[in-house]
$ cat input_13.cif   # mmCIF, C-alpha atoms and all ligand atoms
data_query
#
loop_
_atom_site.label_atom_id
_atom_site.label_comp_id
_atom_site.auth_asym_id
_atom_site.auth_seq_id
_atom_site.Cartn_x
_atom_site.Cartn_y
_atom_site.Cartn_z
CA LYS A 1 162.44 64.90 -11.95
CA GLN A 2 159.62 65.04 -14.51
CA THR A 3 160.23 64.32 -18.14
CA GLY A 4 157.19 66.24 -19.36
CA LEU A 5 155.33 63.39 -21.06
CA THR A 6 152.86 61.43 -18.96
CA GLY A 7 153.99 57.89 -18.41
CA LEU A 8 157.38 58.46 -20.01
CA ASP A 9 160.26 57.99 -17.62
CA TYR A 10 163.66 58.06 -19.27
CA GLY A 11 166.19 56.28 -17.09
CA PHE A 12 163.44 55.00 -14.74
CA VAL A 13 163.89 58.05 -12.52
CA ASN A 14 160.39 57.76 -11.04
CA THR A 15 159.38 54.16 -11.64
CA SER A 16 159.58 51.31 -9.12
CA ALA A 17 159.77 47.98 -10.89
CA THR A 18 159.69 45.78 -7.80
CA ARG A 19 159.37 45.49 -4.06
CA SER A 20 162.57 44.44 -2.31
CA ALA A 21 163.59 43.62 1.26
CA ILE A 22 167.34 43.53 0.67
CA THR A 23 168.79 47.04 0.79
CA TYR A 24 167.48 50.37 2.06
CA ILE A 25 168.80 53.70 0.82
CA ASP A 26 167.81 57.19 1.89
CA GLY A 27 169.64 59.28 -0.67
CA ASP A 28 168.83 62.63 0.93
CA ALA A 29 170.17 61.57 4.31
CA GLY A 30 173.09 59.52 2.92
CA ILE A 31 171.90 56.28 4.55
CA LEU A 32 172.58 52.74 3.30
CA ARG A 33 171.52 49.56 5.10
CA TYR A 34 171.89 45.89 4.21
CA ARG A 35 168.85 43.97 5.52
CA GLY A 36 168.39 46.76 8.07
CA TYR A 37 172.01 46.88 9.27
CA PRO A 38 173.79 50.23 8.71
CA ILE A 39 176.61 49.90 6.18
CA GLU A 40 179.09 51.39 8.66
CA GLN A 41 178.40 48.57 11.12
CA VAL A 42 178.49 45.87 8.46
CA ALA A 43 181.81 47.16 7.11
CA ALA A 44 183.31 47.32 10.60
CA ASN A 45 182.25 43.84 11.72
CA ALA A 46 181.44 41.43 8.90
CA SER A 47 183.44 39.40 6.42
CA TYR A 48 182.66 39.35 2.70
CA LEU A 49 181.02 35.93 2.95
CA GLU A 50 179.05 36.80 6.09
CA THR A 51 177.67 39.85 4.28
CA ALA A 52 176.92 37.71 1.23
CA TRP A 53 174.94 35.29 3.42
CA LEU A 54 173.06 38.18 5.03
CA LEU A 55 172.10 39.63 1.66
CA ILE A 56 171.15 36.32 0.07
CA TYR A 57 169.35 34.61 2.97
CA GLY A 58 168.06 37.66 4.86
CA GLU A 59 169.54 37.09 8.35
CA LEU A 60 173.02 36.89 9.83
CA PRO A 61 174.40 33.33 9.67
CA THR A 62 175.10 31.34 12.82
CA ALA A 63 178.77 30.39 13.29
CA ASP A 64 178.03 26.88 11.96
CA GLU A 65 176.11 28.16 8.95
CA LEU A 66 178.93 30.53 8.07
CA ALA A 67 181.59 27.84 8.48
CA GLU A 68 179.64 25.47 6.22
CA PHE A 69 179.07 28.19 3.60
CA ASP A 70 182.77 29.07 3.63
CA GLU A 71 183.77 25.41 3.35
CA LYS A 72 181.40 24.79 0.40
CA ILE A 73 182.77 27.82 -1.43
CA ARG A 74 186.36 26.66 -0.88
CA ARG A 75 185.45 23.28 -2.42
CA HIS A 76 184.14 24.90 -5.61
CA THR A 77 187.00 27.25 -6.53
CA LEU A 78 188.65 25.09 -9.21
CA LEU A 79 187.89 25.88 -12.83
CA HIS A 80 187.51 23.09 -15.37
CA GLU A 81 190.78 22.77 -17.35
CA ASP A 82 188.85 23.32 -20.60
CA LEU A 83 187.51 26.58 -19.24
CA LYS A 84 191.07 27.61 -18.38
CA ARG A 85 191.96 27.06 -22.04
CA PHE A 86 189.07 29.36 -22.99
CA PHE A 87 191.26 32.28 -21.83
CA SER A 88 193.94 31.45 -24.39
CA ALA A 89 191.46 32.02 -27.22
CA LEU A 90 191.16 35.68 -26.22
CA PRO A 91 193.73 38.38 -27.03
CA HIS A 92 195.87 39.48 -24.07
CA THR A 93 194.75 43.03 -24.83
CA ALA A 94 191.13 42.08 -24.02
CA HIS A 95 189.59 44.18 -21.29
CA PRO A 96 189.30 42.02 -18.15
CA MET A 97 185.60 42.96 -17.84
CA SER A 98 184.90 41.45 -21.27
CA VAL A 99 186.87 38.37 -20.27
CA LEU A 100 184.91 38.13 -17.02
CA SER A 101 181.45 38.35 -18.56
CA SER A 102 182.37 35.91 -21.35
CA ALA A 103 183.80 33.36 -18.93
CA VAL A 104 180.76 33.60 -16.62
CA SER A 105 178.50 33.11 -19.61
CA ALA A 106 180.62 30.08 -20.55
CA LEU A 107 180.16 28.64 -17.04
CA SER A 108 176.59 27.69 -17.92
CA THR A 109 177.93 25.40 -20.65
CA TYR A 110 179.89 23.45 -18.02
CA TYR A 111 177.14 23.35 -15.44
CA GLU A 112 173.94 22.57 -17.27
CA ASP A 113 173.13 20.41 -14.26
CA SER A 114 172.68 23.52 -12.16
CA SER A 115 171.00 25.93 -14.52
CA ASP A 116 167.32 25.32 -13.89
CA PRO A 117 166.07 28.53 -12.26
CA LYS A 118 163.02 26.77 -10.84
CA ASP A 119 164.99 24.08 -8.99
CA ALA A 120 165.95 25.36 -5.51
CA GLU A 121 168.84 22.89 -5.10
CA GLN A 122 170.31 23.85 -8.44
CA VAL A 123 170.01 27.54 -7.64
CA GLU A 124 171.82 26.86 -4.36
CA LEU A 125 174.63 25.06 -6.16
CA THR A 126 174.93 27.83 -8.75
CA THR A 127 175.10 30.39 -5.96
CA ILE A 128 178.06 28.56 -4.42
CA ARG A 129 179.74 27.97 -7.76
CA LEU A 130 179.50 31.63 -8.76
CA LEU A 131 180.79 32.93 -5.43
CA ALA A 132 183.68 30.45 -5.56
CA LYS A 133 184.64 30.80 -9.19
CA LEU A 134 184.17 34.51 -9.99
CA PRO A 135 187.31 35.58 -8.06
CA VAL A 136 189.32 32.85 -9.79
CA ILE A 137 188.07 33.92 -13.21
CA ALA A 138 188.80 37.54 -12.27
CA ALA A 139 192.37 36.70 -11.24
CA TYR A 140 192.90 34.75 -14.48
CA ALA A 141 191.60 37.74 -16.47
CA HIS A 142 194.28 39.78 -14.67
CA LYS A 143 197.04 37.22 -15.24
CA LYS A 144 196.04 36.89 -18.89
CA SER A 145 196.27 40.66 -19.39
CA VAL A 146 199.83 40.80 -18.01
CA GLY A 147 201.00 37.53 -19.57
CA GLN A 148 201.60 35.63 -16.33
CA ALA A 149 200.81 32.03 -15.40
CA PHE A 150 197.50 31.09 -13.78
CA LEU A 151 197.85 29.81 -10.23
CA TYR A 152 195.70 27.17 -8.60
CA PRO A 153 193.44 28.42 -5.84
CA ASP A 154 194.85 27.73 -2.37
CA ASN A 155 191.80 26.55 -0.44
CA SER A 156 193.58 26.72 2.89
CA LEU A 157 193.25 30.49 2.59
CA SER A 158 190.31 32.74 3.31
CA PHE A 159 188.22 34.04 0.41
CA VAL A 160 190.07 37.36 0.14
CA ASP A 161 193.56 35.97 0.83
CA ASN A 162 193.05 33.32 -1.82
CA PHE A 163 192.06 36.02 -4.29
CA LEU A 164 195.15 38.09 -3.43
CA LYS A 165 197.41 35.08 -3.87
CA LEU A 166 195.82 34.21 -7.22
CA ASN A 167 196.60 37.75 -8.38
CA PHE A 168 200.02 38.34 -6.89
CA GLY A 169 201.30 34.95 -5.72
CA ASN A 170 203.75 34.48 -8.56
CA LEU A 171 205.49 37.78 -7.95
CA ALA A 172 207.52 36.48 -5.00
CA GLU A 173 208.99 33.09 -4.25
CA ILE A 174 207.14 32.86 -0.97
CA TYR A 175 204.14 35.13 -1.17
CA GLN A 176 203.24 36.75 2.11
CA ILE A 177 199.71 38.09 2.26
CA ASP A 178 199.75 41.49 3.84
CA PRO A 179 196.94 41.49 6.45
CA VAL A 180 196.47 45.24 6.02
CA LEU A 181 195.90 44.80 2.34
CA SER A 182 193.62 41.82 2.87
CA LYS A 183 191.46 43.61 5.42
CA ALA A 184 191.24 46.76 3.30
CA LEU A 185 190.22 44.79 0.21
CA GLU A 186 187.58 42.86 2.16
CA ARG A 187 186.14 46.12 3.44
CA LEU A 188 185.95 47.54 -0.07
CA LEU A 189 184.26 44.41 -1.38
CA ILE A 190 181.69 44.58 1.45
CA LEU A 191 180.91 48.22 0.62
CA HIS A 192 180.08 47.14 -2.94
CA GLU A 193 177.97 44.09 -2.13
CA ASP A 194 174.57 45.60 -2.81
CA HIS A 195 172.98 48.86 -3.84
CA GLU A 196 169.35 48.03 -4.62
CA GLN A 197 168.06 48.71 -8.15
CA ASN A 198 171.19 50.10 -9.83
CA ALA A 199 171.65 49.49 -13.58
CA SER A 200 173.48 46.16 -13.28
CA THR A 201 171.15 44.74 -10.63
CA SER A 202 168.13 45.82 -12.65
CA THR A 203 169.74 44.11 -15.65
CA VAL A 204 170.21 40.90 -13.66
CA ARG A 205 166.54 41.06 -12.63
CA LEU A 206 165.31 41.85 -16.14
CA VAL A 207 167.28 39.02 -17.73
CA GLY A 208 166.27 36.69 -14.90
CA SER A 209 162.60 37.64 -15.34
CA THR A 210 162.62 35.87 -18.71
CA GLY A 211 163.44 32.58 -16.97
CA ALA A 212 167.13 32.79 -17.93
CA ASN A 213 169.52 30.98 -15.59
CA LEU A 214 171.69 32.63 -12.94
CA TYR A 215 174.93 32.37 -14.98
CA ALA A 216 173.35 34.15 -17.96
CA SER A 217 171.78 36.82 -15.72
CA ILE A 218 175.05 37.52 -13.86
CA SER A 219 177.00 37.70 -17.11
CA ALA A 220 174.51 40.35 -18.30
CA GLY A 221 174.94 42.21 -15.00
CA ILE A 222 178.72 42.27 -15.46
CA ASN A 223 178.26 43.80 -18.90
CA ALA A 224 175.96 46.47 -17.49
CA LEU A 225 178.49 47.25 -14.76
CA TYR A 226 181.25 47.73 -17.33
CA GLY A 227 180.00 51.16 -18.50
CA PRO A 228 181.78 54.31 -17.21
CA LEU A 229 178.56 55.78 -15.78
CA HIS A 230 178.25 52.71 -13.54
CA GLY A 231 181.06 50.44 -12.26
CA GLY A 232 183.46 51.53 -15.00
CA ALA A 233 183.63 54.89 -13.22
CA ASN A 234 186.37 53.64 -10.88
CA GLU A 235 188.66 53.05 -13.86
CA ALA A 236 187.55 56.34 -15.44
CA VAL A 237 188.40 58.27 -12.24
CA LEU A 238 192.01 57.08 -12.31
CA GLU A 239 192.27 57.91 -16.00
CA MET A 240 190.81 61.36 -15.31
CA LEU A 241 193.28 62.02 -12.46
CA ALA A 242 196.22 60.81 -14.54
CA GLY A 243 194.99 62.98 -17.43
CA ILE A 244 194.88 66.08 -15.24
CA ARG A 245 198.36 65.32 -13.91
CA ASP A 246 199.86 64.64 -17.34
CA SER A 247 198.25 67.57 -19.13
CA GLY A 248 199.39 69.99 -16.43
CA GLU A 249 196.15 71.96 -16.90
CA GLY A 250 195.49 72.09 -13.15
CA VAL A 251 192.46 71.10 -11.13
CA ALA A 252 190.73 74.49 -11.28
CA ARG A 253 190.86 74.59 -15.08
CA PHE A 254 189.57 71.01 -15.29
CA VAL A 255 186.63 71.88 -13.03
CA GLU A 256 185.85 74.87 -15.27
CA ARG A 257 185.72 72.54 -18.27
CA VAL A 258 183.34 70.23 -16.39
CA LYS A 259 181.05 73.14 -15.46
CA ASN A 260 181.04 74.40 -19.05
CA LYS A 261 180.26 70.84 -20.19
CA GLU A 262 183.13 71.15 -22.68
CA ASP A 263 183.13 68.03 -24.89
CA GLY A 264 180.72 66.46 -22.40
CA VAL A 265 183.52 66.13 -19.83
CA LYS A 266 182.25 65.05 -16.40
CA LEU A 267 183.81 64.81 -12.99
CA MET A 268 184.01 61.03 -12.83
CA GLY A 269 183.30 59.50 -9.43
CA PHE A 270 180.94 62.38 -8.64
CA GLY A 271 177.15 62.42 -8.62
CA HIS A 272 174.59 59.74 -8.06
CA ARG A 273 171.04 59.05 -9.11
CA VAL A 274 169.93 58.38 -5.55
CA TYR A 275 172.42 60.11 -3.22
CA LYS A 276 171.87 63.83 -3.00
CA ASN A 277 174.19 63.89 -0.01
CA TYR A 278 177.65 62.42 0.62
CA ASP A 279 177.60 58.75 -0.43
CA PRO A 280 178.11 56.87 2.88
CA ARG A 281 180.32 54.34 1.07
CA ALA A 282 182.54 57.13 -0.28
CA LYS A 283 183.07 58.39 3.27
CA LEU A 284 184.35 54.96 4.33
CA VAL A 285 186.43 54.51 1.19
CA LYS A 286 188.09 57.89 1.70
CA GLU A 287 189.10 56.89 5.24
CA SER A 288 190.47 53.60 3.87
CA ALA A 289 192.47 55.42 1.18
CA ASP A 290 194.39 57.40 3.79
CA GLU A 291 194.89 54.39 6.06
CA VAL A 292 195.93 51.93 3.37
CA LEU A 293 198.36 54.22 1.60
CA GLU A 294 199.96 55.14 4.90
CA LEU A 295 200.23 51.53 6.06
CA LEU A 296 201.64 50.43 2.72
CA GLY A 297 204.05 53.37 2.82
CA VAL A 298 202.79 54.62 -0.54
CA HIS A 299 202.55 58.28 -1.40
CA ASP A 300 200.46 58.71 -4.51
CA PRO A 301 200.18 62.25 -5.88
CA LEU A 302 196.92 61.16 -7.52
CA LEU A 303 195.34 60.90 -4.04
CA ASP A 304 196.39 64.50 -3.34
CA LEU A 305 194.92 65.49 -6.68
CA ALA A 306 191.65 63.68 -5.90
CA LYS A 307 191.36 65.48 -2.56
CA GLU A 308 192.07 68.84 -4.17
CA LEU A 309 189.44 68.12 -6.80
CA GLU A 310 186.88 67.13 -4.18
CA GLN A 311 187.58 70.26 -2.13
CA ILE A 312 187.15 72.59 -5.10
CA ALA A 313 184.01 70.80 -6.29
CA LEU A 314 182.32 70.74 -2.90
CA GLU A 315 182.72 74.51 -2.56
CA ASP A 316 181.55 75.30 -6.07
CA ASP A 317 177.97 76.42 -6.80
CA TYR A 318 177.65 74.18 -9.87
CA PHE A 319 178.14 71.05 -7.75
CA LYS A 320 176.28 72.45 -4.71
CA GLU A 321 173.17 73.36 -6.72
CA ARG A 322 173.09 69.94 -8.34
CA ARG A 323 173.92 68.22 -5.07
CA LEU A 324 176.87 66.37 -6.56
CA TYR A 325 179.15 64.60 -4.07
CA PRO A 326 181.88 61.98 -4.43
CA ASN A 327 180.41 58.51 -4.94
CA VAL A 328 181.88 55.10 -4.08
CA ASP A 329 184.07 55.11 -7.19
CA PHE A 330 185.94 58.34 -6.42
CA TYR A 331 188.62 56.98 -4.08
CA THR A 332 188.58 53.22 -4.68
CA GLY A 333 190.91 53.35 -7.68
CA VAL A 334 193.69 55.01 -5.70
CA ILE A 335 193.54 52.14 -3.18
CA TYR A 336 193.38 49.39 -5.80
CA LYS A 337 196.38 50.99 -7.52
CA ALA A 338 198.35 51.05 -4.26
CA MET A 339 197.51 47.36 -3.83
CA GLY A 340 199.09 46.62 -7.21
CA PHE A 341 196.03 46.05 -9.38
CA PRO A 342 196.21 47.42 -12.94
CA THR A 343 193.62 50.10 -13.72
CA ARG A 344 191.69 47.76 -16.03
CA MET A 345 191.04 45.42 -13.10
CA PHE A 346 189.22 48.02 -10.99
CA THR A 347 185.73 47.34 -12.35
CA VAL A 348 186.37 43.61 -12.08
CA LEU A 349 186.92 44.14 -8.34
CA PHE A 350 183.59 45.98 -8.23
CA ALA A 351 181.96 42.95 -9.92
CA ILE A 352 183.32 40.55 -7.28
CA GLY A 353 181.97 42.90 -4.64
CA ARG A 354 178.53 43.20 -6.26
CA LEU A 355 178.05 39.49 -7.01
CA PRO A 356 176.23 38.63 -3.73
CA GLY A 357 173.78 41.50 -4.30
CA TRP A 358 173.05 40.36 -7.84
CA ILE A 359 172.44 36.81 -6.61
CA ALA A 360 170.23 38.02 -3.74
CA HIS A 361 168.08 40.08 -6.12
CA TRP A 362 167.81 37.31 -8.70
CA ARG A 363 166.66 34.89 -6.01
CA GLU A 364 164.27 37.39 -4.42
CA MET A 365 162.72 38.02 -7.83
CA ASN A 366 162.36 34.30 -8.59
CA ASN A 367 160.70 33.69 -5.23
CA ASP A 368 158.27 36.58 -5.56
CA PRO A 369 154.90 35.31 -6.84
CA GLN A 370 154.20 38.77 -8.27
CA THR A 371 157.18 38.60 -10.65
CA LYS A 372 156.34 38.98 -14.32
CA ILE A 373 158.60 39.16 -17.32
CA GLY A 374 160.12 42.67 -17.43
CA ARG A 375 158.76 44.46 -20.43
CA PRO A 376 158.78 48.30 -20.41
CA GLN A 377 156.30 50.36 -22.38
CA GLN A 378 157.28 52.92 -25.00
CA LEU A 379 155.67 56.00 -26.45
CA TYR A 380 155.70 55.58 -30.20
CA VAL A 381 156.85 58.75 -31.97
CA GLY A 382 157.44 57.34 -35.47
CA SER A 383 155.52 57.67 -38.71
CA PRO A 384 151.74 57.02 -38.80
CA GLN A 385 150.57 54.21 -41.08
CA ARG A 386 151.64 54.67 -44.70
CA ASP A 387 151.40 52.50 -47.80
CA TRP A 388 154.33 50.70 -49.36
CA PRO A 389 155.30 52.62 -52.55
CA ALA A 390 153.56 50.98 -55.55
CA ASP A 391 156.63 51.50 -57.81
CA ARG A 392 159.05 49.61 -55.52
N1 LIG B 401 180.08 65.83 -13.37
C1 LIG B 401 179.50 66.98 -13.82
N2 LIG B 401 178.18 67.20 -13.87
C2 LIG B 401 177.39 66.21 -13.44
C3 LIG B 401 177.91 64.99 -12.96
C4 LIG B 401 179.31 64.83 -12.93
N3 LIG B 401 179.85 63.69 -12.50
N4 LIG B 401 176.89 64.17 -12.61
C5 LIG B 401 175.76 64.85 -12.86
N5 LIG B 401 176.06 66.09 -13.36
C6 LIG B 401 175.13 67.15 -13.72
C7 LIG B 401 174.37 66.80 -15.00
O1 LIG B 401 175.08 67.26 -16.14
C8 LIG B 401 173.07 67.51 -14.78
O2 LIG B 401 173.29 68.89 -15.01
P1 LIG B 401 172.13 69.81 -15.71
O3 LIG B 401 171.01 69.87 -14.70
O4 LIG B 401 172.81 71.12 -15.95
O5 LIG B 401 171.75 69.11 -16.97
C9 LIG B 401 172.81 67.36 -13.29
O6 LIG B 401 174.11 67.21 -12.70
C10 LIG B 401 171.95 66.15 -12.92
O7 LIG B 401 172.60 65.00 -13.42
P2 LIG B 401 171.87 63.80 -14.17
O8 LIG B 401 172.70 63.42 -15.36
O9 LIG B 401 170.43 64.10 -14.41
O10 LIG B 401 172.00 62.66 -13.07
P3 LIG B 401 171.69 61.12 -13.24
O11 LIG B 401 171.02 60.70 -12.02
O12 LIG B 401 171.00 60.85 -14.52
O13 LIG B 401 173.15 60.47 -13.36
C11 LIG B 401 175.25 59.61 -12.75
C12 LIG B 401 173.83 59.92 -12.30
C13 LIG B 401 175.96 58.82 -11.66
C14 LIG B 401 175.21 58.75 -14.03
C15 LIG B 401 175.99 60.93 -13.02
O14 LIG B 401 176.09 61.69 -11.83
C16 LIG B 401 177.38 60.69 -13.60
O15 LIG B 401 177.51 60.56 -14.83
N6 LIG B 401 178.46 60.66 -12.76
C17 LIG B 401 179.80 60.34 -13.24
C18 LIG B 401 179.96 58.85 -13.43
C19 LIG B 401 180.06 58.12 -12.13
O16 LIG B 401 180.80 58.52 -11.23
N7 LIG B 401 179.33 57.00 -12.00
C20 LIG B 401 179.34 56.16 -10.81
C21 LIG B 401 178.03 56.19 -10.10
S1 LIG B 401 178.06 55.55 -8.43
C22 LIG B 401 178.54 53.89 -8.46
C23 LIG B 401 177.97 53.08 -9.55
O17 LIG B 401 176.77 53.02 -9.76
O18 LIG B 401 178.75 52.41 -10.20
#
$ encode --input "input_13.cif" --output "structure tokens"
Amino acid sequence: KQTGLTGLDYGFVNTSATRSAITYIDGDAGILRYRGYPIEQVAANASYLETAWLLIYGELPTADELAEFDEKIRRHTLLHEDLKRFFSALPHTAHPMSVLSSAVSALSTYYEDSSDPKDAEQVELTTIRLLAKLPVIAAYAHKKSVGQAFLYPDNSLSFVDNFLKLNFGNLAEIYQIDPVLSKALERLLILHEDHEQNASTSTVRLVGSTGANLYASISAGINALYGPLHGGANEAVLEMLAGIRDSGEGVARFVERVKNKEDGVKLMGFGHRVYKNYDPRAKLVKESADEVLELLGVHDPLLDLAKELEQIALEDDYFKERRLYPNVDFYTGVIYKAMGFPTRMFTVLFAIGRLPGWIAHWREMNNDPQTKIGRPQQLYVGSPQRDWPADR
């Protein structure tokens, strides 16, 4: 898409800012690969941490490497008690994404010993600390928002089970982790782990290009993810579906409003800068939505509404001409809701998923001798030189 002015590229539609060996996307064909492996195969076979290793280090881990990685992450899950008190300074109405980015930013104040971006050992330690602590911070942001006690991580549990227990463990005397739920959540996290130069990853790279440490760069990435055009879309989809249900206007009328661009209303969870075909992640998420809701014995009318909306949109010329298909955010919210997460936690779950990708890109950038500080050009369209008024 041309913008008309030479060298001007709003939204970086045509500009590559880096080379990268992490993720391959063919948006026309609906293909996504992590380090060469098709996303469908990764999602069917890998764990969250195995995928994280693959993205960060470039190859699949051996069994020993994976076991050691897992063990290290388990040993770093605890948060400093002072950092736990940090949560009490925030209002319980705070959006969990704001809590998440603030707490990650605060991590660098506790770990100045691991914030030198040029020291490989420190970067390694920060990588482990972030992977271990982000889910704990996320669960505390959840607990804070609903006024419940923070639980200690249970390091006998797997990464995902620990996270589930931190979120829901105080709801039952003896909390039983549902393996269906655990597997479904792990799959969703894997599907989110990387997506090349999206807005939040580009933010992480841009901030990192200044020499800022990994904590600061990831905190910036979380803030970029928060917006409804990016990760915040999963929350916006649920709000849109609930709005259609509550208003009683009907799906067809809502689609008409989208097509007429009334009040700038969009079909949230639809469209993508790169995919001009069905988002391969959305295909997998849709399958999961049916499976998970059935296995949990949940019937959510919002899922029916989402399917009706998709059907109408896919057959409509407006969406066909613009090649707009459901993206990864269209069906995730319905699953997260069935799992018991409040709507405001949805984008936080996306952040936990995306963390390994952000780290992989930050490290790739720091190891690339061609890296320079990110500094876009502009085309100046303001006033020519003029003199300061003499009477002022
Ligand atoms: N609903 C209605 N119309 C749309 C939508 C939509 N969701 N998305 C794009 N369009 C229209 C847009 O108005 C434009 O129409 P026209 O040619 O008449 O001006 C045309 O399609 C091309 O869209 P664009 O705005 O140039 O596309 P973009 O690449 O700049 O934006 C996007 C991509 C994802 C921001 C956009 O599709 C969107 O806002 N979607 C809804 C929000 C959303 O679901 N975001 C999640 C993205 S995927 C996961 C993630 O990154 O977090």
$ axis_aligned_box --input "input_13.cif" --around "ligand LIG 401 (chain B)" --padding-each-side "5 Å" --output "JSON"
{"center_x": 175.6, "center_y": 61.8, "center_z": -12.7, "size_x": 20.4, "size_y": 28.7, "size_z": 18.5}
$ residues_near_ligand --input "input_13.cif" --ligand "ligand LIG 401 (chain B)" --cutoff "7 Å" --atoms "all atoms listed in the file" --output "count of residues only"
24
$ residues_around --input "input_13.cif" --residues "Gly221 (chain A)" --least-positions-apart "4" --cutoff "6 Å" --atoms "all atoms listed in the file" --output "PyMOL selection string"
chain A and resi 200+203-204
$ residues_around --input "input_13.cif" --residues "region 104-108 of chain A" --least-positions-apart "5" --cutoff "7 Å" --atoms "only C-alpha atoms" --output "list in words"
Ser115, Tyr215, Ala216 and Ser219 of chain A
$ closest_residue --input "input_13.cif" --among "A:Glu249, A:Glu235, A:Glu193, A:Glu112" --to "Leu355 (chain A)" --atoms "only C-alpha atoms"
A:Glu193
$ closest_atom_pairs --input "input_13.cif" --of "region 278-387 of chain A" --to "region 163-167 of chain A" --cutoff "12 Å" --atoms "all atoms listed in the file" --output "tab-separated table"
residue	atom	partner	partner_atom	distance
A:Tyr336	CA	A:Leu164	CA	11.7
A:Met339	CA	A:Leu164	CA	9.6
A:Gly340	CA	A:Asn167	CA	9.3
A:Phe341	CA	A:Asn167	CA	8.4
A:Pro342	CA	A:Asn167	CA	10.7
A:Met345	CA	A:Asn167	CA	10.6
A:Leu349	CA	A:Phe163	CA	10.4
A:Ile352	CA	A:Phe163	CA	10.3
$ atom_distance --input "input_13.cif" --atom1 "CA of Arg35 (chain A)" --atom2 "CA of Ile22 (chain A)"
5.1 Å
$ residues_near_point --input "input_13.cif" --point "(163.8, 34.0, -13.4)" --cutoff "8 Å" --atoms "all atoms listed in the file" --output "ChimeraX atom specification"
/A:117-118,205,207-213,362-363,365-366
$ atom_distance --input "input_13.cif" --atom1 "CA of Leu296 (chain A)" --atom2 "CA of Ala338 (chain A)"
7.7 Å
$ residues_around --input "input_13.cif" --residues "region 72-86 of chain A" --least-positions-apart "6" --cutoff "12 Å" --atoms "all atoms listed in the file" --output "CSV table (one decimal) with C-alpha atoms, keeping the file's coordinate frame"
chain,number,residue,atom,x,y,z
A,49,LEU,CA,181.0,35.9,3.0
A,52,ALA,CA,176.9,37.7,1.2
A,53,TRP,CA,174.9,35.3,3.4
A,65,GLU,CA,176.1,28.2,9.0
A,66,LEU,CA,178.9,30.5,8.1
A,99,VAL,CA,186.9,38.4,-20.3
A,100,LEU,CA,184.9,38.1,-17.0
A,102,SER,CA,182.4,35.9,-21.4
A,103,ALA,CA,183.8,33.4,-18.9
A,104,VAL,CA,180.8,33.6,-16.6
A,105,SER,CA,178.5,33.1,-19.6
A,106,ALA,CA,180.6,30.1,-20.6
A,107,LEU,CA,180.2,28.6,-17.0
A,108,SER,CA,176.6,27.7,-17.9
A,109,THR,CA,177.9,25.4,-20.6
A,110,TYR,CA,179.9,23.4,-18.0
A,111,TYR,CA,177.1,23.4,-15.4
A,124,GLU,CA,171.8,26.9,-4.4
A,125,LEU,CA,174.6,25.1,-6.2
A,126,THR,CA,174.9,27.8,-8.8
A,127,THR,CA,175.1,30.4,-6.0
A,128,ILE,CA,178.1,28.6,-4.4
A,129,ARG,CA,179.7,28.0,-7.8
A,130,LEU,CA,179.5,31.6,-8.8
A,131,LEU,CA,180.8,32.9,-5.4
A,132,ALA,CA,183.7,30.4,-5.6
A,133,LYS,CA,184.6,30.8,-9.2
A,134,LEU,CA,184.2,34.5,-10.0
A,135,PRO,CA,187.3,35.6,-8.1
A,136,VAL,CA,189.3,32.8,-9.8
A,137,ILE,CA,188.1,33.9,-13.2
A,138,ALA,CA,188.8,37.5,-12.3
A,139,ALA,CA,192.4,36.7,-11.2
A,140,TYR,CA,192.9,34.8,-14.5
A,141,ALA,CA,191.6,37.7,-16.5
A,143,LYS,CA,197.0,37.2,-15.2
A,144,LYS,CA,196.0,36.9,-18.9
A,149,ALA,CA,200.8,32.0,-15.4
A,150,PHE,CA,197.5,31.1,-13.8
A,151,LEU,CA,197.8,29.8,-10.2
A,152,TYR,CA,195.7,27.2,-8.6
A,153,PRO,CA,193.4,28.4,-5.8
A,154,ASP,CA,194.8,27.7,-2.4
A,155,ASN,CA,191.8,26.6,-0.4
A,156,SER,CA,193.6,26.7,2.9
A,157,LEU,CA,193.2,30.5,2.6
A,158,SER,CA,190.3,32.7,3.3
A,159,PHE,CA,188.2,34.0,0.4
A,160,VAL,CA,190.1,37.4,0.1
A,161,ASP,CA,193.6,36.0,0.8
A,162,ASN,CA,193.0,33.3,-1.8
A,163,PHE,CA,192.1,36.0,-4.3
A,166,LEU,CA,195.8,34.2,-7.2
$ decode --input "input_13.cif" --residues "region 151-156 of chain A" --atoms "N, CA and C atoms" --output "PDB file, in the first residue's frame"
ATOM      1  N   LEU A 151      -1.227 -15.897  46.408  1.00  0.00           N
ATOM      2  CA  LEU A 151      -0.714 -17.217  46.815  1.00  0.00           C
ATOM      3  C   LEU A 151       0.768 -17.314  46.467  1.00  0.00           C
ATOM      4  N   TYR A 152       1.477 -18.154  47.209  1.00  0.00           N
ATOM      5  CA  TYR A 152       2.865 -18.419  46.840  1.00  0.00           C
ATOM      6  C   TYR A 152       2.896 -19.359  45.652  1.00  0.00           C
ATOM      7  N   PRO A 153       3.870 -19.173  44.763  1.00  0.00           N
ATOM      8  CA  PRO A 153       4.005 -20.142  43.674  1.00  0.00           C
ATOM      9  C   PRO A 153       4.254 -21.538  44.246  1.00  0.00           C
ATOM     10  N   ASP A 154       3.738 -22.548  43.584  1.00  0.00           N
ATOM     11  CA  ASP A 154       3.968 -23.938  43.989  1.00  0.00           C
ATOM     12  C   ASP A 154       4.917 -24.532  42.952  1.00  0.00           C
ATOM     13  N   ASN A 155       6.220 -24.582  43.310  1.00  0.00           N
ATOM     14  CA  ASN A 155       7.227 -24.954  42.317  1.00  0.00           C
ATOM     15  C   ASN A 155       7.291 -26.447  42.028  1.00  0.00           C
ATOM     16  N   SER A 156       6.383 -27.213  42.673  1.00  0.00           N
ATOM     17  CA  SER A 156       6.311 -28.621  42.296  1.00  0.00           C
ATOM     18  C   SER A 156       5.478 -28.759  41.026  1.00  0.00           C
TER      19      SER A 156
END
